[in-house]
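Q: Enclosed is the structure file upload.cif (mmCIF, C-alpha atoms).
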```
data_query
#
loop_
_atom_site.label_atom_id
_atom_site.label_comp_id
_atom_site.auth_asym_id
_atom_site.auth_seq_id
_atom_site.Cartn_x
_atom_site.Cartn_y
_atom_site.Cartn_z
CA MET A 11 -9.73 14.83 -24.05
CA LEU A 12 -9.37 16.33 -20.56
CA ASP A 13 -13.16 16.32 -20.16
CA ILE A 14 -13.23 12.58 -20.97
CA PHE A 15 -10.49 11.83 -18.43
CA ALA A 16 -12.23 14.01 -15.83
CA ASP A 17 -15.51 12.17 -16.44
CA LEU A 18 -13.82 8.76 -16.17
CA TYR A 19 -12.02 9.83 -13.00
CA GLY A 20 -15.34 10.94 -11.52
CA ARG A 21 -16.80 7.47 -12.12
CA MET A 22 -14.12 5.70 -10.09
CA GLY A 23 -15.19 4.31 -6.78
CA LEU A 24 -13.49 4.40 -3.41
CA MET A 25 -10.82 1.84 -4.37
CA GLY A 26 -9.79 3.79 -7.50
CA SER A 27 -9.64 7.06 -5.57
CA LEU A 28 -7.50 5.43 -2.87
CA ILE A 29 -5.08 3.99 -5.44
CA THR A 30 -4.73 7.27 -7.35
CA GLY A 31 -4.30 9.08 -4.03
CA LEU A 32 -1.57 6.59 -3.09
CA ILE A 33 0.17 7.25 -6.43
CA ILE A 34 0.05 11.00 -5.81
CA ILE A 35 1.37 10.52 -2.25
CA ILE A 36 4.27 8.37 -3.54
CA PHE A 37 5.11 11.00 -6.17
CA ILE A 38 4.93 13.92 -3.71
CA SER A 39 6.97 12.06 -1.07
CA GLY A 40 9.60 11.12 -3.67
CA PHE A 41 9.77 14.69 -5.00
CA TYR A 42 9.99 16.11 -1.47
CA ALA A 43 12.68 13.60 -0.48
CA ASN A 44 14.65 14.44 -3.64
CA VAL A 45 14.48 18.17 -2.85
CA LEU A 46 15.53 17.69 0.79
CA ILE A 47 18.44 15.38 -0.06
CA ARG A 48 19.61 17.69 -2.85
CA ARG A 49 19.46 20.73 -0.52
CA LYS A 50 21.37 18.82 2.17
CA TYR A 51 24.22 17.85 -0.16
CA LEU A 52 24.36 21.32 -1.72
CA SER A 53 24.54 22.93 1.72
CA LEU A 54 27.43 20.62 2.65
CA SER A 55 29.15 21.42 -0.65
CA LEU A 56 28.76 25.17 -0.06
CA GLU A 57 30.10 24.84 3.49
CA LEU A 58 33.11 22.86 2.28
CA ALA A 59 33.76 25.34 -0.54
CA ALA A 60 33.53 28.27 1.90
CA TYR A 61 36.03 26.58 4.26
CA CYS A 62 38.46 25.86 1.44
CA ALA A 63 38.16 29.50 0.26
CA GLY A 64 38.88 30.78 3.78
CA GLU A 65 35.48 32.37 4.24
CA ILE A 66 34.83 30.39 7.45
CA SER A 67 37.32 29.19 10.05
CA GLY A 68 35.67 25.91 10.96
CA PHE A 69 32.99 23.46 9.98
CA LYS A 70 29.48 23.62 11.37
CA SER A 71 28.69 20.13 10.12
CA GLU A 72 29.66 17.27 12.41
CA MET A 73 30.23 15.06 9.37
CA LEU A 74 32.88 17.35 7.82
CA THR A 75 34.58 17.78 11.20
CA TRP A 76 34.70 14.02 11.71
CA LEU A 77 36.02 13.48 8.16
CA THR A 78 38.84 15.96 8.74
CA GLU A 79 39.88 14.41 12.05
CA GLU A 80 39.61 10.83 10.78
CA TYR A 81 41.65 11.61 7.66
CA LYS A 82 44.37 13.36 9.67
CA GLU A 83 44.56 10.37 12.00
CA SER A 84 44.89 8.06 9.00
CA LEU A 85 47.69 10.29 7.61
CA HIS A 86 49.58 10.00 10.87
CA ASN A 87 49.32 6.21 10.61
CA GLY A 88 50.77 6.31 7.10
CA LEU A 89 49.63 7.38 3.65
CA GLU A 90 49.39 3.78 2.48
CA ALA A 91 46.77 3.12 5.20
CA VAL A 92 44.45 5.88 3.98
CA ASN A 93 41.24 4.68 2.32
CA THR A 94 39.39 7.85 1.39
CA GLY A 95 36.35 6.12 -0.07
CA ALA A 96 35.84 3.96 3.02
CA ILE A 97 36.14 7.01 5.31
CA ILE A 98 33.56 8.92 3.27
CA ASP A 99 31.18 5.94 3.18
CA MET A 100 31.52 5.50 6.94
CA ALA A 101 30.76 9.18 7.50
CA MET A 102 27.73 9.00 5.21
CA GLU A 103 26.37 5.97 7.07
CA ALA A 104 27.00 7.58 10.46
CA TYR A 105 25.82 11.17 9.87
CA GLN A 106 23.66 11.05 6.73
CA LYS A 107 21.60 7.90 7.34
CA PRO A 108 18.28 9.60 6.39
CA CYS A 109 19.80 10.77 3.11
CA VAL A 110 21.07 7.26 2.34
CA LEU A 111 17.64 5.76 3.04
CA GLY A 112 16.03 8.53 0.99
CA GLU A 113 18.29 7.74 -1.98
CA ILE A 114 17.30 4.07 -1.76
CA TYR A 115 13.64 5.13 -1.75
CA LEU A 116 14.18 7.47 -4.73
CA LYS A 117 15.52 4.54 -6.79
CA LYS A 118 12.28 2.64 -6.13
CA VAL A 119 9.78 5.47 -6.70
CA GLY A 120 9.45 4.91 -10.47
CA GLY A 121 8.80 1.19 -10.05
CA LEU A 122 6.37 1.84 -7.20
CA LEU A 123 4.36 4.30 -9.31
CA ILE A 124 4.07 1.93 -12.29
CA THR A 125 3.37 -1.11 -10.08
CA THR A 126 0.68 0.73 -8.11
CA GLY A 127 -0.96 1.87 -11.37
CA LEU A 128 -0.98 -1.70 -12.69
CA PHE A 129 -2.41 -2.92 -9.39
CA GLY A 130 -5.27 -0.44 -9.73
CA THR A 131 -5.84 -1.51 -13.34
CA PHE A 132 -6.08 -5.22 -12.50
CA THR A 133 -8.29 -4.41 -9.51
CA GLY A 134 -10.66 -2.42 -11.72
CA LEU A 135 -10.72 -5.15 -14.38
CA THR A 136 -11.47 -7.76 -11.74
CA VAL A 137 -14.36 -5.67 -10.42
CA ALA A 138 -15.69 -5.10 -13.97
CA VAL A 139 -15.63 -8.82 -14.78
CA GLY A 140 -17.27 -9.54 -11.43
CA ASN A 141 -20.03 -7.04 -12.23
CA ILE A 142 -20.65 -8.80 -15.55
CA GLY A 143 -20.94 -12.16 -13.81
CA SER A 144 -23.20 -10.68 -11.12
CA MET A 145 -25.53 -9.10 -13.70
CA LEU A 146 -25.77 -12.35 -15.65
CA SER A 147 -26.34 -14.44 -12.51
CA GLN A 148 -29.12 -12.14 -11.27
CA THR A 149 -31.00 -12.27 -14.59
CA SER A 150 -33.50 -15.12 -14.99
CA ALA A 151 -33.51 -17.34 -18.07
CA GLU A 152 -36.97 -16.10 -19.18
CA ALA A 153 -35.92 -12.45 -18.90
CA LEU A 154 -32.60 -13.20 -20.60
CA MET A 155 -34.39 -14.86 -23.59
CA ALA A 156 -37.05 -12.18 -23.75
CA GLU A 157 -34.59 -9.26 -23.65
CA ALA A 158 -31.40 -10.92 -24.88
CA ALA A 159 -30.11 -8.15 -27.14
CA ILE A 160 -30.84 -5.36 -24.65
CA ASN A 161 -29.24 -7.20 -21.71
CA THR A 162 -26.18 -8.14 -23.77
CA PHE A 163 -25.73 -4.54 -24.87
CA LYS A 164 -26.11 -3.27 -21.30
CA VAL A 165 -23.57 -5.79 -20.00
CA LEU A 166 -21.06 -4.90 -22.72
CA VAL A 167 -21.48 -1.16 -22.16
CA SER A 168 -21.10 -1.47 -18.38
CA SER A 169 -18.05 -3.74 -18.74
CA PHE A 170 -16.34 -1.38 -21.22
CA GLU A 171 -17.04 1.59 -18.94
CA GLY A 172 -15.56 -0.26 -15.97
CA MET A 173 -12.49 -1.26 -17.97
CA SER A 174 -11.94 2.31 -19.24
CA VAL A 175 -12.12 3.57 -15.67
CA ALA A 176 -9.68 0.85 -14.57
CA PHE A 177 -6.97 2.11 -16.95
CA ILE A 178 -7.02 5.54 -15.29
CA THR A 179 -4.78 4.21 -12.50
CA SER A 180 -2.21 2.97 -15.04
CA LEU A 181 -2.25 6.38 -16.72
CA PHE A 182 -1.71 8.02 -13.33
CA GLY A 183 1.15 5.68 -12.40
CA THR A 184 2.93 5.87 -15.77
CA GLY A 185 2.43 9.63 -16.10
CA PHE A 186 3.74 10.43 -12.64
CA SER A 187 6.65 8.01 -13.18
CA ILE A 188 7.64 9.84 -16.38
CA LEU A 189 7.26 13.22 -14.66
CA PHE A 190 9.34 12.05 -11.69
CA SER A 191 12.06 10.73 -14.04
CA LEU A 192 12.21 14.09 -15.84
CA LEU A 193 12.39 16.01 -12.57
CA THR A 194 15.14 13.82 -11.13
CA THR A 195 17.06 14.00 -14.42
CA PHE A 196 17.34 17.79 -14.27
CA MET A 197 17.20 18.26 -10.49
CA GLY A 198 18.32 14.91 -9.11
CA ALA A 199 19.81 14.40 -5.67
CA SER A 200 22.39 11.99 -7.12
CA ASP A 201 24.10 14.83 -9.01
CA ALA A 202 24.42 16.87 -5.81
CA ARG A 203 25.74 13.78 -3.99
CA ARG A 204 28.39 13.11 -6.65
CA LEU A 205 29.44 16.78 -6.55
CA PHE A 206 29.75 16.70 -2.76
CA ILE A 207 31.73 13.43 -2.73
CA THR A 208 34.08 14.77 -5.43
CA GLN A 209 34.66 17.95 -3.40
CA VAL A 210 35.28 15.91 -0.23
CA GLU A 211 37.77 13.65 -2.01
CA GLU A 212 39.56 16.67 -3.45
CA TYR A 213 39.62 18.36 -0.05
CA LEU A 214 40.94 15.29 1.74
CA ASP A 215 43.40 13.97 -0.86
CA VAL A 216 44.71 17.36 -2.00
CA LYS A 217 44.27 20.03 0.65
CA LEU A 218 44.71 17.99 3.83
CA ALA A 219 47.36 15.75 2.28
CA SER A 220 49.25 18.83 1.04
CA GLU A 221 49.07 20.45 4.47
CA PHE A 222 50.30 17.24 6.06
CA MET A 223 53.11 17.04 3.52
CA GLY A 224 54.03 20.67 4.21
CA GLU A 225 54.19 20.08 7.96
CA ASN A 226 56.43 17.03 7.57
CA SER A 227 58.53 18.16 4.57
CA LYS A 228 61.36 19.52 6.78
CA SER A 229 61.86 16.16 8.46
CA LEU A 230 61.91 14.24 5.21
CA ASP A 231 64.84 13.94 2.87
CA GLN A 232 64.65 14.08 -0.88
CA SER A 233 64.09 10.37 -1.32
CA ASP A 234 61.36 10.34 1.28
CA GLN A 235 59.70 13.26 -0.45
CA LEU A 236 59.88 11.42 -3.75
CA ASN A 237 58.44 8.30 -2.15
CA THR A 238 55.76 10.34 -0.45
CA LEU A 239 54.98 12.13 -3.70
CA SER A 240 54.84 8.80 -5.51
CA THR A 241 52.54 7.45 -2.82
CA ILE A 242 50.34 10.53 -3.07
CA VAL A 243 50.19 10.19 -6.83
CA THR A 244 49.35 6.51 -6.43
CA ASP A 245 46.68 7.31 -3.87
CA SER A 246 45.31 10.01 -6.12
CA ILE A 247 45.18 7.53 -8.97
CA ASN A 248 43.45 5.04 -6.69
CA VAL A 249 41.00 7.71 -5.62
CA PHE A 250 40.40 8.55 -9.26
CA ASN A 251 39.87 4.86 -9.99
CA GLN A 252 37.47 4.64 -7.07
CA ALA A 253 35.60 7.66 -8.38
CA VAL A 254 35.44 6.09 -11.84
CA THR A 255 34.29 2.83 -10.24
CA GLY A 256 31.63 4.73 -8.32
CA TYR A 257 30.42 6.40 -11.51
CA THR A 258 30.41 2.99 -13.21
CA GLU A 259 28.32 1.55 -10.39
CA GLU A 260 25.92 4.47 -10.67
CA LEU A 261 25.64 3.86 -14.41
CA GLN A 262 25.06 0.15 -13.77
CA SER A 263 22.37 1.05 -11.24
CA LEU A 264 20.78 3.39 -13.79
CA LYS A 265 21.00 0.63 -16.39
CA GLY A 266 19.35 -1.79 -13.96
CA LEU A 267 16.60 0.76 -13.29
CA HIS A 268 16.00 1.16 -17.03
CA LYS A 269 15.94 -2.64 -17.34
CA GLU A 270 13.33 -2.84 -14.58
CA TRP A 271 11.25 -0.20 -16.37
CA ARG A 272 11.55 -2.14 -19.59
CA GLN A 273 10.46 -5.35 -17.85
CA ASP A 274 7.52 -3.53 -16.24
CA LEU A 275 6.49 -2.08 -19.60
CA GLU A 276 6.82 -5.49 -21.27
CA GLN A 277 4.73 -7.04 -18.49
CA TRP A 278 2.16 -4.30 -18.92
CA ASP A 279 2.14 -4.87 -22.70
CA LYS A 280 1.62 -8.62 -22.16
CA SER A 281 -1.17 -7.89 -19.69
CA VAL A 282 -2.87 -5.59 -22.19
CA ALA A 283 -2.52 -8.22 -24.93
CA LEU A 284 -3.99 -10.86 -22.64
CA LEU A 285 -6.82 -8.49 -21.76
CA CYS A 286 -7.52 -7.88 -25.46
CA GLN A 287 -7.64 -11.63 -26.07
CA SER A 288 -10.01 -12.05 -23.13
CA LEU A 289 -12.22 -9.27 -24.48
CA ASP A 290 -12.25 -10.89 -27.93
CA LYS A 291 -13.24 -14.24 -26.41
CA THR A 292 -15.89 -12.53 -24.28
CA SER A 293 -17.32 -10.72 -27.30
CA GLU A 294 -17.34 -13.97 -29.30
CA THR A 295 -19.08 -15.72 -26.40
CA PHE A 296 -21.71 -12.99 -26.19
CA TYR A 297 -22.19 -13.20 -29.97
CA GLN A 298 -22.65 -16.98 -29.88
CA SER A 299 -25.00 -16.61 -26.90
CA GLY A 300 -27.05 -14.08 -28.88
CA ILE A 301 -27.27 -16.49 -31.81
CA GLY A 302 -28.36 -19.31 -29.47
CA ILE A 303 -30.94 -17.09 -27.78
CA TYR A 304 -32.28 -15.99 -31.18
CA SER A 305 -32.56 -19.65 -32.24
CA CYS A 306 -34.38 -20.48 -29.00
CA THR A 307 -36.73 -17.56 -29.60
CA GLU A 308 -37.60 -18.83 -33.09
CA THR A 309 -38.17 -22.33 -31.67
CA LEU A 310 -40.46 -20.92 -29.00
CA ASN A 311 -42.39 -18.94 -31.63
CA ARG A 312 -42.90 -22.10 -33.70
CA LEU A 313 -43.96 -23.97 -30.57
CA VAL A 314 -46.47 -21.23 -29.73
CA ASN A 315 -47.89 -21.40 -33.28
CA GLU A 316 -48.20 -25.20 -33.05
CA LEU A 317 -49.91 -24.89 -29.66
CA GLY A 318 -52.37 -22.40 -31.22
CA SER A 319 -53.09 -24.85 -34.02
CA GLU A 320 -53.64 -27.66 -31.51
CA ASN A 321 -55.98 -25.42 -29.52
CA ASN A 322 -58.00 -24.78 -32.69
CA ARG A 323 -58.17 -28.54 -33.32
CA LEU A 324 -59.29 -29.15 -29.74
CA ASP A 325 -61.99 -26.50 -30.14
CA GLY A 326 -63.26 -28.31 -33.26
CA LEU A 327 -63.18 -31.64 -31.44
CA HIS A 328 -65.11 -30.07 -28.56
CA LYS A 329 -67.81 -28.89 -30.96
CA ILE A 330 -68.02 -32.38 -32.48
CA LEU A 331 -68.35 -33.91 -29.02
CA ASP A 332 -71.13 -31.41 -28.18
CA LYS A 333 -73.03 -32.41 -31.32
CA LEU A 334 -72.44 -36.08 -30.50
CA SER A 335 -73.82 -35.50 -27.01
CA GLN A 336 -76.92 -33.87 -28.49
CA LYS A 337 -77.38 -36.83 -30.83
CA LEU A 338 -77.02 -39.19 -27.90
CA ASP A 339 -79.68 -37.26 -25.99
CA GLU A 340 -82.04 -37.49 -29.00
CA SER A 341 -81.29 -41.23 -29.29
CA GLU A 342 -82.12 -41.61 -25.60
CA GLU A 343 -85.60 -40.08 -26.21
CA ASP A 344 -86.20 -42.40 -29.18
CA ARG A 345 -85.10 -45.37 -27.09
CA LYS A 346 -87.55 -44.41 -24.34
CA ILE A 347 -90.41 -44.16 -26.87
CA PHE A 348 -89.39 -47.51 -28.36
CA LEU A 349 -89.29 -49.12 -24.93
CA LYS A 350 -92.71 -47.67 -24.13
CA ILE A 351 -94.09 -49.13 -27.35
CA VAL A 352 -92.49 -52.48 -26.56
CA ASP A 353 -93.98 -52.37 -23.06
CA ASP A 354 -97.44 -51.65 -24.55
CA ILE A 355 -97.27 -54.59 -27.02
CA PRO A 356 -98.01 -57.35 -24.44
CA ASP A 357 -101.01 -55.43 -23.11
CA LYS A 358 -102.33 -54.91 -26.60
CA LEU A 359 -101.76 -58.57 -27.48
CA LEU A 360 -103.55 -59.60 -24.29
CA ASN A 361 -106.44 -57.32 -25.10
CA TYR A 362 -106.50 -58.68 -28.64
CA ASN A 363 -106.53 -62.26 -27.40
CA GLU A 364 -109.30 -61.50 -24.95
CA ALA A 365 -111.35 -59.86 -27.69
CA ALA A 366 -110.72 -62.80 -29.99
CA VAL A 367 -111.79 -65.25 -27.31
CA ALA A 368 -114.91 -63.21 -26.66
CA ARG A 369 -115.81 -63.24 -30.35
CA ILE A 370 -115.29 -66.94 -30.56
CA GLU A 371 -117.50 -67.52 -27.58
CA ARG A 372 -120.21 -65.35 -29.00
CA GLY A 373 -120.07 -67.24 -32.29
CA ARG A 374 -120.81 -70.53 -30.56
#
```
Show me the file's structure as structure tokens.

A:
Amino acid sequence: MLDIFADLYGRMGLMGSLITGLIIIIFISGFYANVLIRRKYLSLSLELAAYCAGEISGFKSEMLTWLTEEYKESLHNGLEAVNTGAIIDMAMEAYQKPCVLGEIYLKKVGGLLITTGLFGTFTGLTVAVGNIGSMLSQTSAEALMAEAAINTFKVLVSSFEGMSVAFITSLFGTGFSILFSLLTTFMGASDARRLFITQVEEYLDVKLASEFMGENSKSLDQSDQLNTLSTIVTDSINVFNQAVTGYTEELQSLKGLHKEWRQDLEQWDKSVALLCQSLDKTSETFYQSGIGIYSCTETLNRLVNELGSENNRLDGLHKILDKLSQKLDESEEDRKIFLKIVDDIPDKLLNYNEAAVARIERGR
């Protein structure tokens, strides 16, 4: 099996090699982007965990420092004005723009791989059909009728070889898409991102809010503490709802991605069915053409036999005309003798008359 695929891959031309190379580049870039984004989020998670555990005294990351300062400023303005999700999203857009763009690219890698493979397949099929038309257009009618079966077989073999080579790009695209899906399932950057966001929300809404509450607890009475606690609980519930909403959006995005895959696979299935129908029609056309060529060959054979018979008849007629010419030549000789005799008759009659006159005169 591997030898067959290696042989088919070796038969691909420059376009097929470029498309398969593009598929490999898309896969490698997606895998590399996934690894980098995952490492970035994990490093931020480890830094945040080390700070919360007291192992480090301050943040090295500008994003975590900005989050801490922005959240404290929001706490000073009032707990009801704190929007943890918006602060985190703003920090991600400001300090982790490459990671955000990389995540958008990772969501499109699977579709790009399958689409690129299908593009290579349709390109190869177009080239194969074009080669069939070129071979048929470059073959004269006499050569096509003389070698109909051989030419038809050659065309079919070459077209099937080209089509088999064309499907290599689809195999590459689908295979690398499946491999990329498996890799991102077990080592996806989205899991590291969700872990980091959860840690940040816990750090902001629990640790910083608790520290802020501890600093201001002496200046608050019991009712204020209850109100503050109620507000904190409400905010925590809102944060939890936001987290659940975020997970729901991620699941919807994953569902949309699966739907896109399903649509791509259905489109590919329809394309394959259409290709099979086209191949059936092409085979039927070649079969009917072979029958027509065979009928023309039989007609030509009968015509050649009739021409041979006519040639034999013409040869016989030629012999008859030769004999007739000989007879005419003989008749011409007889006519000359007859004319000579006719020409001699007056002289003989004259001589006879003169002799008769002489006899008569002598008798007197």

Q: Just say which residues the PyMOL selection byres ((chain A and resi 246) around 12) picks in this file, as a VMD selection string.

A: chain A and resid 89 to 90 92 to 95 211 to 216 219 238 to 245 247 to 253

Q: Fewer than 5 positions away in the same chain doesn't count, so skip those; otherwise give me all residues within 9 Å of Asn44 (chain A), counting only C-alpha atoms, as a list in words.

A: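 The neighbour list is Ser39, Arg49, Gly112, Glu113, Leu116, Thr194, Met197, Gly198, Ala199 and Ser200 of chain A.
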
Q: Between A:Phe37, A:Phe177, A:Val210, A:Asp353, which residue has the minimum interatomic distance to Thr75 (chain A), considering only C-alpha atoms?

A: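 Checking each candidate against Thr75 (chain A), we get A:Val210 as the closest.
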
Q: Could you tell me how far CA of Val139 (chain A) sits from CA of Asp290 (chain A), in Å to one decimal place?

A: 13.7 Å

Q: List, as JSON, numbers by chain, every residue that the PyMOL selection byres ((chain A and resi 179) around 8) selects in the file provided.

A: {"A": [26, 29, 30, 126, 127, 128, 130, 131, 176, 177, 178, 180, 181, 182, 183]}

Q: Just how far from CA of Ala101 (chain A) is CA of Met73 (chain A), in Å to one decimal?

A: 6.2 Å

Q: Could you tell me how far CA of His86 (chain A) lies from CA of Leu218 (chain A), in Å and to one decimal?

A: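 These two atoms are separated by 11.7 Å.
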
Q: Determine the nearest neighbour of Val137 (chain A) from the options A:Leu122, A:Met25, A:Val45, A:Ala59, counting all atoms listed in the file.

A: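 Selected residue with least distance to Val137 (chain A): A:Met25.
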
Q: Env of region 267-273 of chain A: 7 Å cut, atoms = only C-alpha atoms, seq-sep filter 4 positions within chain, self excluded. Answer as a PyMOL selection string.

A: chain A and resi 121+263+277

Q: Let me make sure I understand: among A:Val119, A:Ile98, A:Ile47, A:Gly64, which one has the smallest atom-to-atom distance to Glu80 (chain A) if we use all atoms listed in the file?

A: A:Ile98

Q: Which residue gives the smallest distance to Ile207 (chain A) among A:Ile351, A:Gln262, A:Asp99, A:Ile38, with all atoms listed in the file counted?

A: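 Ranking A:Ile351, A:Gln262, A:Asp99, A:Ile38 by distance to Ile207 (chain A), first place goes to A:Asp99.
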
Q: May I ask which of the residues A:Ala63, A:Leu310, A:Ala283, A:Ile33 is the closest one to Phe186 (chain A), counting all atoms listed in the file?

A: A:Ile33

Q: Rank A:Ser305, A:Pro356, A:Leu284, A:Ser27 by their smallest atom-to-atom distance to Gly134 (chain A), using only C-alpha atoms, and report the top residue only.

A: A:Ser27
